[in-house]
$ cat start-v6.tsv   # TSV, C-alpha atoms
chain	number	residue	atom	x	y	z
P	1	MET	CA	-23.00	70.49	58.87
P	2	LYS	CA	-19.76	71.48	57.22
P	3	PHE	CA	-18.89	67.79	56.87
P	4	LEU	CA	-22.20	66.99	55.21
P	5	ALA	CA	-21.76	69.97	52.91
P	6	LYS	CA	-18.29	68.72	51.87
P	7	VAL	CA	-19.59	65.22	51.29
P	8	THR	CA	-22.45	66.58	49.19
P	9	VAL	CA	-20.05	68.68	47.10
P	10	VAL	CA	-17.76	65.68	46.53
P	11	LEU	CA	-20.69	63.50	45.45
P	12	ILE	CA	-21.97	66.20	43.07
P	13	VAL	CA	-18.53	66.65	41.52
P	14	THR	CA	-18.05	62.88	41.16
P	15	PHE	CA	-21.44	62.41	39.51
P	16	THR	CA	-20.78	65.33	37.19
P	17	LEU	CA	-17.40	63.89	36.15
P	18	GLN	CA	-18.96	60.46	35.51
P	19	THR	CA	-21.71	62.05	33.40
P	20	ILE	CA	-19.16	64.04	31.40
P	21	THR	CA	-17.00	60.92	30.92
P	22	ALA	CA	-19.97	58.82	29.76
P	23	GLN	CA	-21.03	61.55	27.36
P	24	THR	CA	-17.49	61.82	26.02
P	25	GLN	CA	-17.30	58.03	25.47
P	26	GLN	CA	-20.69	58.10	23.75
P	27	ASP	CA	-19.52	60.95	21.49
P	28	ASP	CA	-16.31	59.05	20.70
P	29	ALA	CA	-18.35	55.95	19.86
P	30	ASP	CA	-20.60	58.04	17.63
P	31	ASP	CA	-17.56	59.53	15.92
P	32	GLU	CA	-16.19	56.02	15.24
P	33	LEU	CA	-19.44	54.97	13.53
P	34	SER	CA	-19.72	55.90	9.84
P	35	LEU	CA	-21.50	55.02	6.62
P	36	ASP	CA	-18.15	55.00	4.82
P	37	SER	CA	-16.46	52.35	6.99
P	38	GLY	CA	-17.24	49.41	9.21
P	39	ASN	CA	-19.65	46.56	8.66
P	40	ILE	CA	-23.37	46.80	7.82
P	41	ASP	CA	-24.31	46.39	11.48
P	42	SER	CA	-22.21	49.40	12.53
P	43	GLN	CA	-23.62	51.43	9.64
P	44	PHE	CA	-27.18	50.68	10.75
P	45	GLU	CA	-26.14	51.63	14.30
P	46	TYR	CA	-24.83	54.92	12.92
P	47	VAL	CA	-28.19	55.63	11.24
P	48	PHE	CA	-30.12	54.74	14.41
P	49	ARG	CA	-27.99	57.02	16.55
P	50	LYS	CA	-28.01	59.94	14.13
P	51	SER	CA	-31.72	59.74	13.42
P	52	GLY	CA	-34.07	62.28	14.98
P	53	ASN	CA	-36.72	61.06	17.39
P	54	PHE	CA	-40.23	62.41	17.45
P	55	LYS	CA	-43.72	61.27	18.35
P	56	GLY	CA	-46.71	61.28	16.09
P	57	THR	CA	-50.15	62.54	16.91
P	58	ASN	CA	-51.05	59.10	18.16
P	59	GLY	CA	-48.07	59.14	20.54
P	60	GLN	CA	-46.15	56.51	18.61
P	61	PRO	CA	-42.36	57.18	18.38
P	62	TYR	CA	-40.81	57.67	14.92
P	63	GLU	CA	-37.27	58.01	13.57
P	64	ALA	CA	-36.45	60.81	11.16
P	65	VAL	CA	-33.70	59.56	8.82
P	66	LYS	CA	-31.98	61.52	6.07
P	67	GLN	CA	-32.71	60.17	2.60
P	68	ALA	CA	-29.03	60.46	1.67
P	69	TRP	CA	-28.16	58.17	4.57
P	70	LEU	CA	-30.75	55.58	3.45
P	71	LEU	CA	-29.48	55.70	-0.15
P	72	LYS	CA	-25.91	55.37	1.07
P	73	LEU	CA	-26.90	52.53	3.41
P	74	LYS	CA	-28.80	50.82	0.56
P	75	ALA	CA	-25.78	51.08	-1.74
P	76	ASN	CA	-23.55	49.69	0.99
P	77	VAL	CA	-25.99	46.81	1.62
P	78	LEU	CA	-26.15	46.01	-2.10
P	79	ASP	CA	-22.36	46.12	-2.36
P	80	SER	CA	-22.12	43.87	0.67
P	81	LEU	CA	-24.66	41.45	-0.82
P	82	LYS	CA	-22.81	41.53	-4.15
P	83	THR	CA	-19.55	40.74	-2.38
P	84	THR	CA	-21.29	38.01	-0.37
P	85	TYR	CA	-22.78	36.48	-3.52
P	86	LYS	CA	-19.39	36.66	-5.24
P	87	ASP	CA	-17.73	35.01	-2.24
P	88	LEU	CA	-20.48	32.38	-2.22
P	89	ALA	CA	-20.03	31.74	-5.95
P	90	ASP	CA	-16.27	31.51	-5.47
P	91	SER	CA	-16.80	29.14	-2.55
P	92	GLU	CA	-19.18	26.97	-4.60
P	93	ALA	CA	-16.67	26.92	-7.49
P	94	MET	CA	-13.91	26.00	-5.06
P	95	VAL	CA	-16.08	23.26	-3.54
P	96	ALA	CA	-16.93	21.92	-7.00
P	97	ASN	CA	-13.25	21.98	-7.97
P	98	GLN	CA	-12.30	20.22	-4.75
P	99	ALA	CA	-15.08	17.66	-5.38
P	100	ARG	CA	-13.62	16.98	-8.84
P	101	GLU	CA	-10.15	16.68	-7.35
P	102	ILE	CA	-11.51	14.28	-4.71
P	103	ASP	CA	-13.18	12.19	-7.44
P	104	ASP	CA	-9.92	12.15	-9.42
P	105	LEU	CA	-8.00	11.13	-6.31
P	106	LYS	CA	-10.56	8.41	-5.59
P	107	ALA	CA	-10.22	7.13	-9.17
P	108	LYS	CA	-6.42	7.17	-8.89
P	109	LEU	CA	-6.68	5.43	-5.52
P	110	ASP	CA	-8.94	2.75	-7.01
P	111	ASN	CA	-6.50	2.27	-9.91
P	112	THR	CA	-3.59	2.11	-7.49
P	113	GLN	CA	-5.45	-0.41	-5.31
P	114	THR	CA	-6.27	-2.51	-8.39
P	115	THR	CA	-2.63	-2.39	-9.51
P	116	LEU	CA	-1.51	-3.29	-6.00
P	117	ASN	CA	-3.92	-6.24	-5.87
P	118	GLU	CA	-2.70	-7.45	-9.27
P	119	THR	CA	0.91	-7.05	-8.15
P	120	ASN	CA	0.23	-8.98	-4.94
P	121	GLU	CA	-1.57	-11.67	-6.93
P	122	GLU	CA	1.34	-11.94	-9.37
P	123	LYS	CA	3.77	-11.99	-6.46
P	124	ASN	CA	1.82	-14.71	-4.68
P	125	ASN	CA	1.26	-16.77	-7.85
P	126	MET	CA	3.65	-18.29	-10.35
P	127	ALA	CA	3.24	-19.58	-13.88
P	128	PHE	CA	3.55	-23.35	-14.16
P	129	LEU	CA	3.01	-25.06	-17.51
P	130	GLY	CA	1.15	-21.98	-18.74
P	131	MET	CA	-1.16	-21.88	-15.73
P	132	GLN	CA	-1.17	-19.51	-12.78
P	133	THR	CA	-0.85	-21.27	-9.45
P	134	SER	CA	-0.21	-20.14	-5.93
P	135	LYS	CA	3.29	-20.25	-4.50
P	136	THR	CA	2.21	-22.92	-2.03
P	137	ASN	CA	0.90	-25.21	-4.76
P	138	TYR	CA	3.93	-24.39	-6.92
P	139	ASN	CA	6.28	-25.34	-4.08
P	140	VAL	CA	4.31	-28.55	-3.45
P	141	ILE	CA	4.49	-29.49	-7.15
P	142	MET	CA	8.19	-28.66	-7.42
P	143	TRP	CA	9.11	-30.58	-4.27
P	144	THR	CA	7.01	-33.52	-5.47
P	145	ILE	CA	8.87	-33.51	-8.78
P	146	ILE	CA	12.22	-33.24	-6.98
P	147	ALA	CA	11.26	-36.10	-4.65
P	148	ALA	CA	10.16	-38.22	-7.62
P	149	LEU	CA	13.38	-37.51	-9.52
P	150	THR	CA	15.43	-38.26	-6.40
P	151	ALA	CA	13.58	-41.56	-5.95
P	152	LEU	CA	14.22	-42.44	-9.62
P	153	LEU	CA	17.89	-41.54	-9.23
P	154	LEU	CA	18.22	-43.72	-6.14
P	155	PHE	CA	16.42	-46.54	-7.96
P	156	PHE	CA	18.77	-46.27	-10.95
P	157	ILE	CA	21.79	-46.13	-8.63
P	158	TYR	CA	20.51	-49.26	-6.89
P	159	LYS	CA	19.90	-51.00	-10.21
P	160	PHE	CA	23.33	-49.93	-11.45
P	161	LYS	CA	25.05	-51.23	-8.34
P	162	ASN	CA	23.04	-54.45	-8.51
P	163	SER	CA	23.88	-54.87	-12.20
P	164	ASN	CA	27.51	-54.07	-11.50
P	165	SER	CA	27.56	-56.69	-8.77
P	166	LEU	CA	25.94	-59.23	-11.11
P	167	THR	CA	28.43	-58.32	-13.81
P	168	LYS	CA	31.34	-58.81	-11.43
P	169	ASP	CA	29.90	-62.18	-10.36
P	170	ALA	CA	29.45	-63.19	-13.99
P	171	LYS	CA	33.02	-62.15	-14.81
P	172	HIS	CA	34.32	-64.07	-11.83
P	173	LYS	CA	32.39	-67.19	-12.85
P	174	LEU	CA	33.54	-66.73	-16.42
P	175	GLU	CA	37.12	-66.52	-15.22
P	176	GLU	CA	36.60	-69.68	-13.17
P	177	VAL	CA	35.08	-71.46	-16.15
P	178	GLU	CA	37.91	-70.29	-18.38
P	179	SER	CA	40.43	-71.46	-15.79
P	180	GLU	CA	38.72	-74.85	-15.52
P	181	PHE	CA	38.49	-75.08	-19.30
P	182	GLU	CA	42.19	-74.22	-19.62
P	183	GLU	CA	43.03	-76.84	-17.02
P	184	HIS	CA	40.85	-79.38	-18.78
P	185	ARG	CA	42.38	-78.49	-22.17
P	186	ARG	CA	45.89	-78.85	-20.74
P	187	ASN	CA	45.01	-82.18	-19.17
P	188	ALA	CA	43.45	-83.32	-22.41
P	189	LEU	CA	46.51	-82.22	-24.35
P	190	GLU	CA	48.78	-84.07	-21.96
P	191	ARG	CA	46.67	-87.24	-22.24
P	192	GLU	CA	46.68	-86.90	-26.02
P	193	GLN	CA	50.46	-86.52	-26.06
P	194	LYS	CA	50.84	-89.51	-23.71
P	195	VAL	CA	48.58	-91.61	-25.92
P	196	ARG	CA	50.58	-90.62	-29.01
P	197	ARG	CA	53.84	-91.56	-27.32
P	198	GLN	CA	52.39	-94.88	-26.29
P	199	LEU	CA	51.09	-95.42	-29.81
P	200	GLN	CA	54.47	-94.54	-31.24
P	201	ASP	CA	56.19	-96.87	-28.82
P	202	GLU	CA	53.86	-99.71	-29.89
P	203	LEU	CA	54.54	-98.95	-33.52
P	204	ASN	CA	58.23	-99.00	-32.87
P	205	LYS	CA	57.91	-102.32	-31.10
P	206	ASN	CA	55.95	-103.82	-33.94
P	207	LYS	CA	58.55	-102.71	-36.47
P	208	ALA	CA	61.32	-104.22	-34.45
$ encode --input "start-v6.tsv" --output "structure tokens"
Amino acid sequence: MKFLAKVTVVLIVTFTLQTITAQTQQDDADDELSLDSGNIDSQFEYVFRKSGNFKGTNGQPYEAVKQAWLLKLKANVLDSLKTTYKDLADSEAMVANQAREIDDLKAKLDNTQTTLNETNEEKNNMAFLGMQTSKTNYNVIMWTIIAALTALLLFFIYKFKNSNSLTKDAKHKLEEVESEFEEHRRNALEREQKVRRQLQDELNKNKA
């Protein structure tokens, strides 16, 4: 019996301490709630907890709320809405500003892309005889011209060598002809001199 009595006393004390602790925590929570601080939700919670409860004649429960609390809560709600609207307007202005900045950046990006395309086109094309042509076609044209000029140079070199060879042959033949002519002239001169001597000898004989 004494054991049961002790157990009963311990349980009663424990329950009492838990009840006191819960009440203390509830009171602390109520003390933290206020109409002068916290968000709108906590302010409504403050009004709900501080309101008086009663039942009407029909048994329906009602809340008795101080008018000052409602006016204060209304002012706080309006201030909160005003702040919210201001934040919303600021956000919309910021979004509009960012949209303009994005449009400007897009325009600059388009201009940059256009400039880049023009630069690449100019880099990949070259002016030839007043016309724009690709580097590939330009290289083909230039190498064709170089090949044609090289072929003409080789042809002229060949013609020059051929002409030089013909000139040398002509000079050699001319020298041979001149040599033969000189030999013939010398022979003719010798024959003429021989004939004159013979003629002179005959004349001398006739005189004698």
$ atom_distance --input "start-v6.tsv" --atom1 "CA of Lys72 in chain P" --atom2 "CA of Ser51 in chain P"
14.3 Å
$ atom_distance --input "start-v6.tsv" --atom1 "CA of Gln43 in chain P" --atom2 "CA of Leu70 in chain P"
10.3 Å
$ closest_atom_pairs --input "start-v6.tsv" --of "range 104-127 of chain P" --to "range 84-99 of chain P" --cutoff "12 Å" --atoms "all atoms listed in the file" --output "CSV"
residue,atom,partner,partner_atom,distance
P:Asp104,CA,P:Ala99,CA,8.6
P:Leu105,CA,P:Ala99,CA,9.7
P:Lys106,CA,P:Ala99,CA,10.3
$ atom_distance --input "start-v6.tsv" --atom1 "CA of Leu33 in chain P" --atom2 "CA of Arg49 in chain P"
9.3 Å
